[in-house]
Each structure stands twice: as C-alpha cells, then as structure tokens.
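I have placed the structure first, in the form of structure tokens, so that the comments after it can refer back to it.
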Amino acid sequence: MSTPGPERVPSTVKVGKTTGQGKPPAGKSGGNRPGGNRPAGKGGKGRKPVTPVKVAGGRNWGPIMVAGVVVLIAVGIIGYGVFASVQGSRPWEEQVADVKGVVNYRAQKNAQIDDRTHKEGAQTYVTNPPVGGAHSQTWQNCMGDIYSEPIANEYAVHSLEHGAVWVTYKQGLAADQVAALQKKVEGQDFMLMSPIANLDKNVSVQAWGYQLKVDDANDERIDAFIKATRVKASMEPGAACSSGNTTTGPLPAAPAGGATQ
Amino acid sequence: MISDVTSPGADTAPGVAAPSGNRFGYLGVALLLVGLLLGVAAGLVIPRLGNPGDDSVEAGFLRDMSTHHAQAVEMAMIAHAGSDTPQIVTLSADIATTQQAQIGYMQAWLRDWDLGPTGSSEPMAWMPGSDGSIVDGLMPGMATSDQMAALRKATGKQLDVQFLTLMRAHHLGGVHMAQEAVELSDDENVDWIAQSMVTAQQGEIQLIDSLLKQVQQG
C-alpha cells in the first residue's frame with residue numbers, strides 16, 4: 001500500500017521540483033503557492049521544459065499501472081475484510097440449518113410452539129419432546145445436570161427458553177450410548193439430559209424451536225447442533241440455568257385449592 | 001500535491017497543457033478513490049485483526065470462566081436462600097450478583113468479537129499444562145454433582161460449612177485460571193477483569209477462612 005505513494009510522487013514531483021528550483025530561497029520559507037506563482041520569470045524557466053515533456057510522452061503508463069496494482073490490492077483487502085466479517089459473524093441460525101436432519105419449528109410459526117407464557121399445571125405439547133410452548137414459571141436446573149429419570153416437560157421447556165440444549169434419549173437406551181451422551185453434557189452449563197418415554201428415535205436433542213433426532217449417540221450432528229444452539233438459541237439473553245428445579249418426575253399435582261392463575 | 005502540480009501547468013500553457021492537466025485530474029481522482037477504498041478496507045480489517053480469534057486464550061478464558069462463574073452463582077444462590085448466618089447471606093449475595101454481572105461482561109466481549117458464547121474445544125484447552133485437570137467435565141475447583149446435591153439438602157451449620165468449603169475450593173480454581181489469563185492474554189479487557197477476579201477472590205478466600213472458623217466454633 002505504501003509503495004504507490006513514493007512511486008507516484010517522483011513523476012509528479014518533477015513538475016514540483018522544477019517550479020521549486022526557480023525559487024529555492026524565497027519559496028521555501030513563504031510557502032509554495034505564493035512563491036511559485038509570483039516570480040513569473042523564474043517560474044517560467046522551470047515550466048517550459050516540463051510541460052512539453054509530459055505531452056510528448058503520450059500516455060504515461062507508469063502511474064496507470066501503479067494505480068491498477070493499487071486498485072487490485074485494495075479490492076483484495078476489501079474482499080478479505082468482507083469475507084472475514086461474513087465468516088466470523090455467520091448467524092447461528094445458518095449454522096444450525098447446515099446440520100442435516102434438524103427441524104426448524106421457529107420457521108413454522110406455530111402459535112402453540114411459539115407460546116412463551118407461564119402457565120400452571122400440565123401442558124400439552126405439539127412435539128415429543130417439546131421444543132417450545134407455554135410452560136411452568138419454574139425451570140429445570142440446566143447446569144450440565146444429568147437426570148436419570150424423566151423430568152417434567154413444563155420445566156424443561158422453560159430451560160430451553162433460557163438457552164439450554166436438552167439432550168433426551170429413549171428410556172432404556174444401552175448404557176454405553178447414554179455414557180456417550182453424558183460426556184457431552186456434564187460440566188457444561190446450559191445443558192441438561194434426561195430419558196423420555198415413547199421417544200420415536202434413540203436420541204433427540206432440542207433447543208427452543210429446533211430439534212434433531214438421531215439413532216446413534218455418537219452421531220457427529222449432535223455436537224454440531226449443540227455448538228450452534230447452546231446459549232445462542234436463548235429467548236432471554238442473560239437468563240441463567242441455576243436456581244432451577246432439580247427433582248425428576250412429572251409436574252406435581254396442583255394443590256387441592258386449585259389455583260387458576 | 002496534486003493540485004499544486006496541475007495548476008501551474010494549466011497556468012503556463014493552457015492550450016498544450018490541458019490534456020496533461022486532465023490526465024493528472026483523472027489520476028488524482030483515481031488516487032483519491034483508491035485512497036478511499038484503502039481507508040475503508042483498513043477500517044474493516046484492522047479492528048478485526050486486533051480481535052482475539054475463536055481459539056485464542058482470550059476466547060477460551062471468557063467461555064470457560066463464564067461456565068465456572070455460573071456454578072459459583074448457583075452455589076451462592078443456594079446459600080443465600082438457605083443460610084441463617086447474616087455474614088454468609090451477605091457474602092453469597094455479593095458473590096452471586098458480582099459473578100453473574102461478570103458473566104455478562106465476558107459474554108458481551110465474545111459477542112463484540114463475533115465469537116460464539118460457547119466453543120467446541122475442550123474446557124481449559126486455552127491453558128497450557130491443563131491436561132488432566134478436567135474431571136467429569138468439571139474445571140478446577142468446581143463442585144461435583146454429588147456435592148451440589150448435598151449442598152441443596154443441607155441446612156443450618158451443615159449448609160454454612162459445605163458452602164464455605166465448596167466456595168473456597170471454587171475460588172482457588174478460579175484464581176488460578178484468572179492468573180493464567182493475566183499471564184497469557186494481552187487483551188486490555190480480559191486482563192482487567194481477570195486481575196479483578198484474582199484480587200477479589202483472594203480477598204474473599206480470607207473472609208471465607210475466618211467465617212469457617214466462626215461457624216465451626218459456633
């Protein structure tokens with residue numbers, strides 16, 4: 001980038017030099033413009049040889065080539081900058097869309113799945129396991145918690161809303177498969193794992209509005225799904241996974257009084 | 001420069017020098033455009049070059065410390081809700097609010113750098129010599145799920161002692177990670193927050209030690 005500067009300067013400076021030569025003592029101290037313009041006789045000497053040379057030279061390819069190279073470099077740099085920024089900030093929605101087999105329920109605009117209200121009592125969900133919908137005001141603790149028994153959907157959906165990825169597997173899945181899943185979850189906040197009855201595939205992984213069902217716990221798409229959605233899929237940025245419910249089992253029956261709020 | 005050069009040429013011999021002046025005019029405009037493009041390009045690229053990358057020490061530290069902090073918040077919230085000791089209720093509120101806010105700082109910087117809040121590399125991969133420091137996915141100082149389950153069940157003096165003991169170990173692990181980050185990172189923000197963690201948590205360890213003595217005597 002700096003080379004074109006110096007290279008271009010000599011070709012233009014020739015003119016400057018010659019005008020400058022005519023007024024070495026006075027011009028320098030007084031500034032170029034007034035000095036160069038006023039002493040007409042001296043300035044004329046310098047100008048006469050220069051202007052014809054320029055015209056006689058015809059097309060001056062040097063500066064044009066330099067300018068061309070500079071433009072190419074500039075385009076290259078801009079291209080790189082754009083590429084880098086596009087690559088770096090590639091939205092997570094596109095990354096999860098690249099994972100084969102993922103179902104994007106957000107795109108379906110299903111009002112029941114998009115429902116984010118807090119409701120008391122058992123809820124009915126469109127999918128099994130659920131990926132969204134009305135849920136309990138309590139969330140299931142999702143600090144990398146491993147639950148060995150089924151948990152309440154109404155709590156887990158609230159965890160999804162907070163940005164957790166919920167790893168579920170068919171109850172009774174082989175121990176080595178469960179262990180492979182557990183390795184992806186333990187120690188990781190915004191992750192939780194539990195078995196589910198009546199699951200149609202061995203493994204189902206879900207974030208709010210997204211689901212991936214596979215038959216093998218070692219399927220690489222599980223990791224890709226987790227990487228793309230964990231925390232990022234949160235509907236409430238900054239919401240935590242701690243202070244949640246840590247027990248298993250279905251939602252406790254509503255108190256006999258029947259709170260209907 | 002350019003205007004200086006072209007104007008005298010145009011002054012002296014208007015008829016002959018006109019094409020030359022024009023050419024310099026075009027070149028001048030071209031040069032300005034190129035300069036503009038370069039400026040835009042530099043503006044795009046240079047701030048990006050200064051940002052830590054996806055597998056940098058800075059990104060690794062911010063992601064791992066976010067997870068590490070999250071468990072401290074979890075433990076502190078349990079103690080805050082369950083302890084009967086006023087100093088522990090206050091200490092746990094201090095830890096929970098401070099560390100949750102620091103998670104916000106750390107996640108916001110990752111977002112500023114166009115990096116994901118989570119990474120795909122192993123925990124602590126940014127820290128040299130950390131092989132084997134991860135047990136069951138837990139970073140140094142972190143409580144196991146059994147310890148967390150016991151803490152949730154504990155009450156009274158048991159809760160106080162367990163909380164202080166777990167938080168002491170948690171702080172030791174956190175201080176170690178933060179010291180490594182200060183050592184390895186040259187990002188101003190990361191150095192600032194990591195150093196503040198070292199200072200604050202070392203101070204809290206002293207407080208925890210004195211509280212542990214009080215609680216165990218009482």
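To be explicit about the labels: the chains of the structure tokens are called A, B, and onward in the order shown, and within each one the residues are counted from 1, while ligands get numbers from 1 in the order they are shown.
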
query: Just asking: which residues within region 48-203 of chain A are helix (DSSP H, G or I) according to DSSP, as a VMD selection string?
result: chain A and resid 48 to 56 61 to 88 92 to 97 106 to 108 111 to 114 153 to 161 175 to 185

task: Excluding Pro130 (chain A) and any residue of its chain fewer than 4 positions from it, enumerate the residues within 8 Å of it, using only C-alpha atoms, and give them as a PyMOL selection string.
output: chain A and resi 125-126+153+157

Keeping only N, CA and C atoms, write the selected residues as an mmCIF file, in the first residue's frame.
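See selection_23.cif below for the written result:
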```cif
data_model
loop_
_atom_site.group_PDB
_atom_site.id
_atom_site.type_symbol
_atom_site.label_atom_id
_atom_site.label_comp_id
_atom_site.auth_asym_id
_atom_site.auth_seq_id
_atom_site.Cartn_x
_atom_site.Cartn_y
_atom_site.Cartn_z
ATOM 1 N N TYR A 125 -48.126 -30.557 24.488
ATOM 2 C CA TYR A 125 -47.154 -30.013 23.542
ATOM 3 C C TYR A 125 -47.333 -30.639 22.161
ATOM 4 N N VAL A 126 -46.947 -29.874 21.136
ATOM 5 C CA VAL A 126 -47.126 -30.317 19.755
ATOM 6 C C VAL A 126 -46.185 -31.467 19.428
ATOM 7 N N ASN A 153 -41.892 -31.923 31.357
ATOM 8 C CA ASN A 153 -41.761 -31.121 30.140
ATOM 9 C C ASN A 153 -41.917 -29.628 30.434
ATOM 10 N N VAL A 157 -39.042 -27.105 29.116
ATOM 11 C CA VAL A 157 -39.300 -26.113 28.071
ATOM 12 C C VAL A 157 -38.840 -24.723 28.532
#
```

- prompt: Which value, in Å to one decimal, gives the distance between CA of Gln206 (chain B) and CA of Arg63 (chain B)?
  reply: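 Separation between CA of Gln206 (chain B) and CA of Arg63 (chain B): 26.9 Å.
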
field: Who sits within 9 Å of Asp55 (chain B), only C-alpha atoms, same chain under 5 positions skipped, as a list in words
entry: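 That gives Gly60, Gly119, Ser121, Ala125 and Trp126 of chain B.
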
task: Write out as a list of chain:residue names each polymer residue whose atoms come within 10 Å of Gly35 (chain B), counting only C-alpha atoms; drop sequence neighbours fewer than 6 positions from it.
output: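 That gives A:Met1, A:Val70, A:Val71, A:Ala74, B:Val29, B:Ala41.
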
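Minimum distance to Asp187 (chain B) across B:His69, B:Ala59, B:Leu37, B:Leu172 (counting only C-alpha atoms) occurs at B:Ala59.
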